[in-house]
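Asker: Take this structure first; my questions come after.
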Amino acid sequence: MSGLVLKGVSREFGPVKAVNDVDLEVPNGRFVCLLGPSGCGKTTLLRMIAGLDVPTAGSISIDGEDITRLPTHKRNLGMVFQSLALFPHLTVGGNIAYALRIRGLSREEQAHRVEELLALVHLPGYADRAVSKLSGGQRQRVAIARALAVSPRLFLLDEPLSALDAKLREAMQVELRQLQQQLGITTIVVTHDQREAMTMADTVIVMQGGEIRQAASPVEIYRKPADTFVADFIGSTNLIDIARDGDHVTLLGRQTSVAMPYGVSKATLSVRPEDVELTAPTEDLPEAKITFVRDLGGAIEFFLDAGGTQVIAVTSPRARPEVAIGDRVGLRLDPARSVVLTR
Amino acid sequence: MRREPAHGLAQHLPVIFPGLMLTVFFIVPFGTMVLVSFFRRQQGGFYVPDFVLANYARFLTPFFGNVLAFSLYLAIAVAVVSLIVAVPFTYLIARSRRQTQVIWLVALLSILSLSEVIIGFAWSTLLSRTAGITNLLVRVGLMDAPKALVPGFGAVLTGMVYQAMPYAVLVLYPSMVRLDPTLTEAARTLGASPLKAFFTVVLPALRTTLIATLIMAFIFALGSYLLPQILGRPSHWTLSVLITDQALYQSNMPFAAAMAVFLVLVSLALVTLTMFVGKKLEA
């Protein structure tokens with residue numbers, strides 16, 4: 001198999017299992033995001049791929065070559081660190097040329113490649129600037145250019161955009177994705193920001209407690225989460241208990257057409273807020289009371305109390321129903337757009 | 001941020017005390033020494049106010065020139081060796097666990113509680129023929145017969161490096177601990193072996209601290225006068241030894257003062273040069 005393959009990779013720190021028996025395949029040219037809350041093992045996994053940490057079990061290979069114990073400096077990879085780790089004693093050009101200098105390229109070749117890379121990250125003519133004189137976004141670009149200097153096999157980024165402000169971060173996400181597609185380089189990004197992961201990745205890998213909970217495309221992760229953790233972590237969702245009662249399934253005290261897997265008596269239904277429709281109260285739909293309305297301009301959120309369970313519904317301003325706090329409404333949940341989760 | 005200039009006695013009070021101490025214990029004695037260095041010596045250990053350059057002229061003889069050159073050479077050697085030993089040592093403890101760091105630092109700093117005399121005689125025993133470490137080497141079979149390593153230049157250098165090391169570590173440690181460990185990791189992902197990363201990233205990033213350490217160890221070694229006498233031959237005696245000799249035993253205060261002033265000037269010049277070179281490297 002070509003590309004990066006992880007088999008049964010574990011990393012223990014004393015009694016703590018930071019990464020637990022992870023299997024992962026990343027085909028060449030793919031953009032993968034490792035997504036999860038802090039302490040889920042995503043950074044440890046990335047560090048093992050980089051060779052900065054060694055697995056306590058399992059193997060890592062690239063294009064069939066086992067690199068589990070290959071030292072970092074022989075792996076031919078580019079990495080962007082959370083702190084960026086730009087060398088303070090070198091100029092922008094010196095930072096980018098570092099990998100070339102280590103490999104013994106001539107000064108002319110170095111200068112040529114540095115200009116090429118600076119053009120790539122939209123910082124032409126910055127080679128002689130001091131790193132300390134750059135803005136956050138510019139440092140980010142320098143760190144990316146430095147990591148790409150030797151056309152690495154793997155491009156690894158550890159929370160690369162976390163130091164930037166929200167607006168710049170969104171712009172950089174798009175730019176990073178375009179850069180990756182332009183170069184066709186296998187890229188792995190660690191992030192805790194699900195928007196970031198959804199924007200950039202071909203494949204999102206959701207991790208928790210050192211294990212992979214789901215690996216799929218962003219849309220699939222959003223539409224078909226594998227379990228309640230993924231459903232709750234990706235975007236916001238309503239997690240509503242459902243139960244089998246004789247021949248039919250009950251949801252918030254009413255019968256529903258939602259189908260439950262055979263042999264399961266209790267499960268959780270995940271419904272996205274935008275898939276909850278508010279109607280006039282009727283006999284056959286679950287009923288709820290509006291407790292709070294948050295009008296964000298572009299979207300309106302309704303907080304509802306359905307017999308003790310909190311449900312959130314989101315509508316666009318155009319589809320806004322004529323309701324106010326304290327009103328009783330009916331909830332229409334589209335079975336086709338909701339997911340039954342048994343874990 | 002702009003600050004209002006201080007008005008009145010109350011606001012100046014905090015600097016008056018240190019200023020006074022500096023004047024009484026530094027500027028006045030140093031000024032006196034400069035004055036005395038121009039006085040004329042009288043037979044019998046006295047001197048009279050005057051303005052003669054004879055004291056400085058006497059200094060410009062090959063004998064004193066050689067002693068000065070040796071003193072500078074020794075101080076530079078001590079500074080360089082201390083740095084070479086202290087840098088890897090400090091780097092390793094800065095990268096270890098907090099508890100390990102504390103143990104090493106306490107052990108190292110306890111050297112500072114030893115008096116120079118004890119250090120001198122301990123080393124002269126350790127390097128002697130009868131009870132020294134060469135006996136161990138003979139036991140192990142690396143040497144044929146025990147040998148006296150003292151007195152000699154190596155012994156002087158060893159003793160003084162031993163003394164200067166804790167200070168060097170103290171200057172290096174804060175910067176080494178603060179140095180972002182991901183800098184080395186970044187260098188490794190870019191293709192540098194750990195050793196290469198150390199020389200191309202860690203040392204250049206710490207350049208200012210390294211120069212500060214060098215200057216500190218140099219000045220420290222320049223003032224040493226006990227260890228060269230305990231561990232060295234007369235040819236290893238430093239200018240400080242001669243100054244003491246002139247001041248205390250020959251009772252020639254003006255000449256001792258002239259030598260001291262000269263030593264201060266030369267070391268100031270060297271320190272300035274080192275800082276200038278450091279600035280050049282930075283640019």
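Each chain of the structure tokens is named A, B, ... in the order shown, its residues numbered from 1; ligands are numbered from 1 in display order.
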For chain B, list the residues within 9 Å of chain A, counting only C-alpha atoms, and write the list as a ChimeraX atom specification.

Answerer: /B:180-194,196,201,204-207,282

Asker: Give me the residues near B:Asn252 as an NGL selection string, where near means some atom within 10 Å (using only C-alpha atoms) and where sequence neighbours in that chain fewer than 2 positions away do not count.

Answerer: :B and (40-47 or 55 or 243-250 or 254-257)

Asker: Report as a ChimeraX atom specification all protein, DNA and RNA residues lying within 9 Å of A:Val276, evaluated on only C-alpha atoms, omitting residues in the same chain fewer than 4 positions from it.

Answerer: /A:271-272,311-315,331-334

Asker: I'd like to know which of B:Val156, B:Leu127, B:Val87, B:Val78 is closest to B:Trp237, using only C-alpha atoms.

Answerer: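 Ranked by minimum distance to B:Trp237, first place goes to B:Val156.
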
Asker: Please provide the set of residues having any atom within 10 Å of B:Leu35, restricted to only C-alpha atoms, with same-chain residues fewer than 5 positions apart removed, written as a ChimeraX atom specification.

Answerer: /B:29-30,49-51,254,257-258

Asker: If you run DSSP on the backbone, which residues of stretch 69-182 of chain A are helix (DSSP H, G or I), as a VMD selection string?

Answerer: chain A and resid 72 to 74 92 to 102 107 to 120 131 to 133 136 to 147 166 to 182

Asker: Might you pull out every residue within 12 Å of A:Val26, with only C-alpha atoms counted and same-chain residues fewer than 4 positions away left off, and present them as a count of residues only?

Answerer: 29

Asker: Applying 10 Å and only C-alpha atoms, which residues near A:Gln255 remain after dropping the ones on its own chain fewer than 4 positions away? List them as a list in words.

Answerer: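 Here the answer would be Ile242, Ala243, Arg244, Asp245, His248, Val249, Thr250, Leu251, Asp284, Leu285 and Pro286 of chain A.
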
Asker: Mind checking DSSP for stretch 100-327 of chain A and telling me the strand (DSSP E) residues as a count of residues only?

Answerer: 71

Asker: Just checking: using only C-alpha atoms, which residue out of A:Asp327, A:Asp295, A:Asp158, A:Asp227 ends up closest to A:Ala267?

Answerer: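 Distance minimum relative to A:Ala267 lands on A:Asp227.
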
Asker: So which one's closest to B:Phe39, B:Leu68, B:Val241, B:Ile27, B:Ala54? Using only C-alpha atoms, please.

Answerer: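 Comparing B:Leu68, B:Val241, B:Ile27, B:Ala54 against B:Phe39, the winner is B:Ala54.
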
Asker: Could you pull the residues within 12 Å of B:Ser115, counting only C-alpha atoms, minus those fewer than 4 positions along the same chain, as a PDB file with N, CA and C atoms, in the first residue's frame?

Answerer:
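Output (out38.pdb):
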```pdb
ATOM      1  N   SER B 110      27.133  23.905  45.931  1.00  0.00           N
ATOM      2  CA  SER B 110      27.806  23.692  47.213  1.00  0.00           C
ATOM      3  C   SER B 110      29.305  23.941  47.074  1.00  0.00           C
ATOM      4  N   ILE B 111      29.814  23.862  45.842  1.00  0.00           N
ATOM      5  CA  ILE B 111      31.228  24.206  45.611  1.00  0.00           C
ATOM      6  C   ILE B 111      31.495  25.636  46.085  1.00  0.00           C
ATOM      7  N   ILE B 119      39.869  24.402  48.405  1.00  0.00           N
ATOM      8  CA  ILE B 119      39.862  23.918  47.021  1.00  0.00           C
ATOM      9  C   ILE B 119      41.305  23.702  46.550  1.00  0.00           C
ATOM     10  N   GLY B 120      42.153  24.671  46.834  1.00  0.00           N
ATOM     11  CA  GLY B 120      43.552  24.605  46.405  1.00  0.00           C
ATOM     12  C   GLY B 120      44.266  23.398  46.973  1.00  0.00           C
ATOM     13  N   PHE B 121      44.153  23.188  48.285  1.00  0.00           N
ATOM     14  CA  PHE B 121      44.885  22.080  48.893  1.00  0.00           C
ATOM     15  C   PHE B 121      44.271  20.737  48.544  1.00  0.00           C
ATOM     16  N   ALA B 122      42.919  20.711  48.344  1.00  0.00           N
ATOM     17  CA  ALA B 122      42.272  19.468  47.917  1.00  0.00           C
ATOM     18  C   ALA B 122      42.818  19.029  46.566  1.00  0.00           C
ATOM     19  N   GLN B 163      36.646  26.106  40.085  1.00  0.00           N
ATOM     20  CA  GLN B 163      36.088  27.222  40.836  1.00  0.00           C
ATOM     21  C   GLN B 163      35.129  28.066  39.991  1.00  0.00           C
ATOM     22  N   LEU B 226      45.341  33.057  44.608  1.00  0.00           N
ATOM     23  CA  LEU B 226      45.716  32.027  45.558  1.00  0.00           C
ATOM     24  C   LEU B 226      46.051  30.710  44.854  1.00  0.00           C
ATOM     25  N   LEU B 227      45.149  30.261  43.964  1.00  0.00           N
ATOM     26  CA  LEU B 227      45.342  28.974  43.309  1.00  0.00           C
ATOM     27  C   LEU B 227      46.631  28.896  42.487  1.00  0.00           C
TER      28      LEU B 227
END
```

Asker: Distance atom CA of B:Ala57-atom CA of B:Leu265, one decimal place?

Answerer: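 Here the two named atoms are 15.6 Å from each other.
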
Asker: Restricting the calculation to only C-alpha atoms: of B:Leu268, B:Met275, B:Leu157, B:Val67, which residue gets closest to B:Ile219?

Answerer: B:Leu268
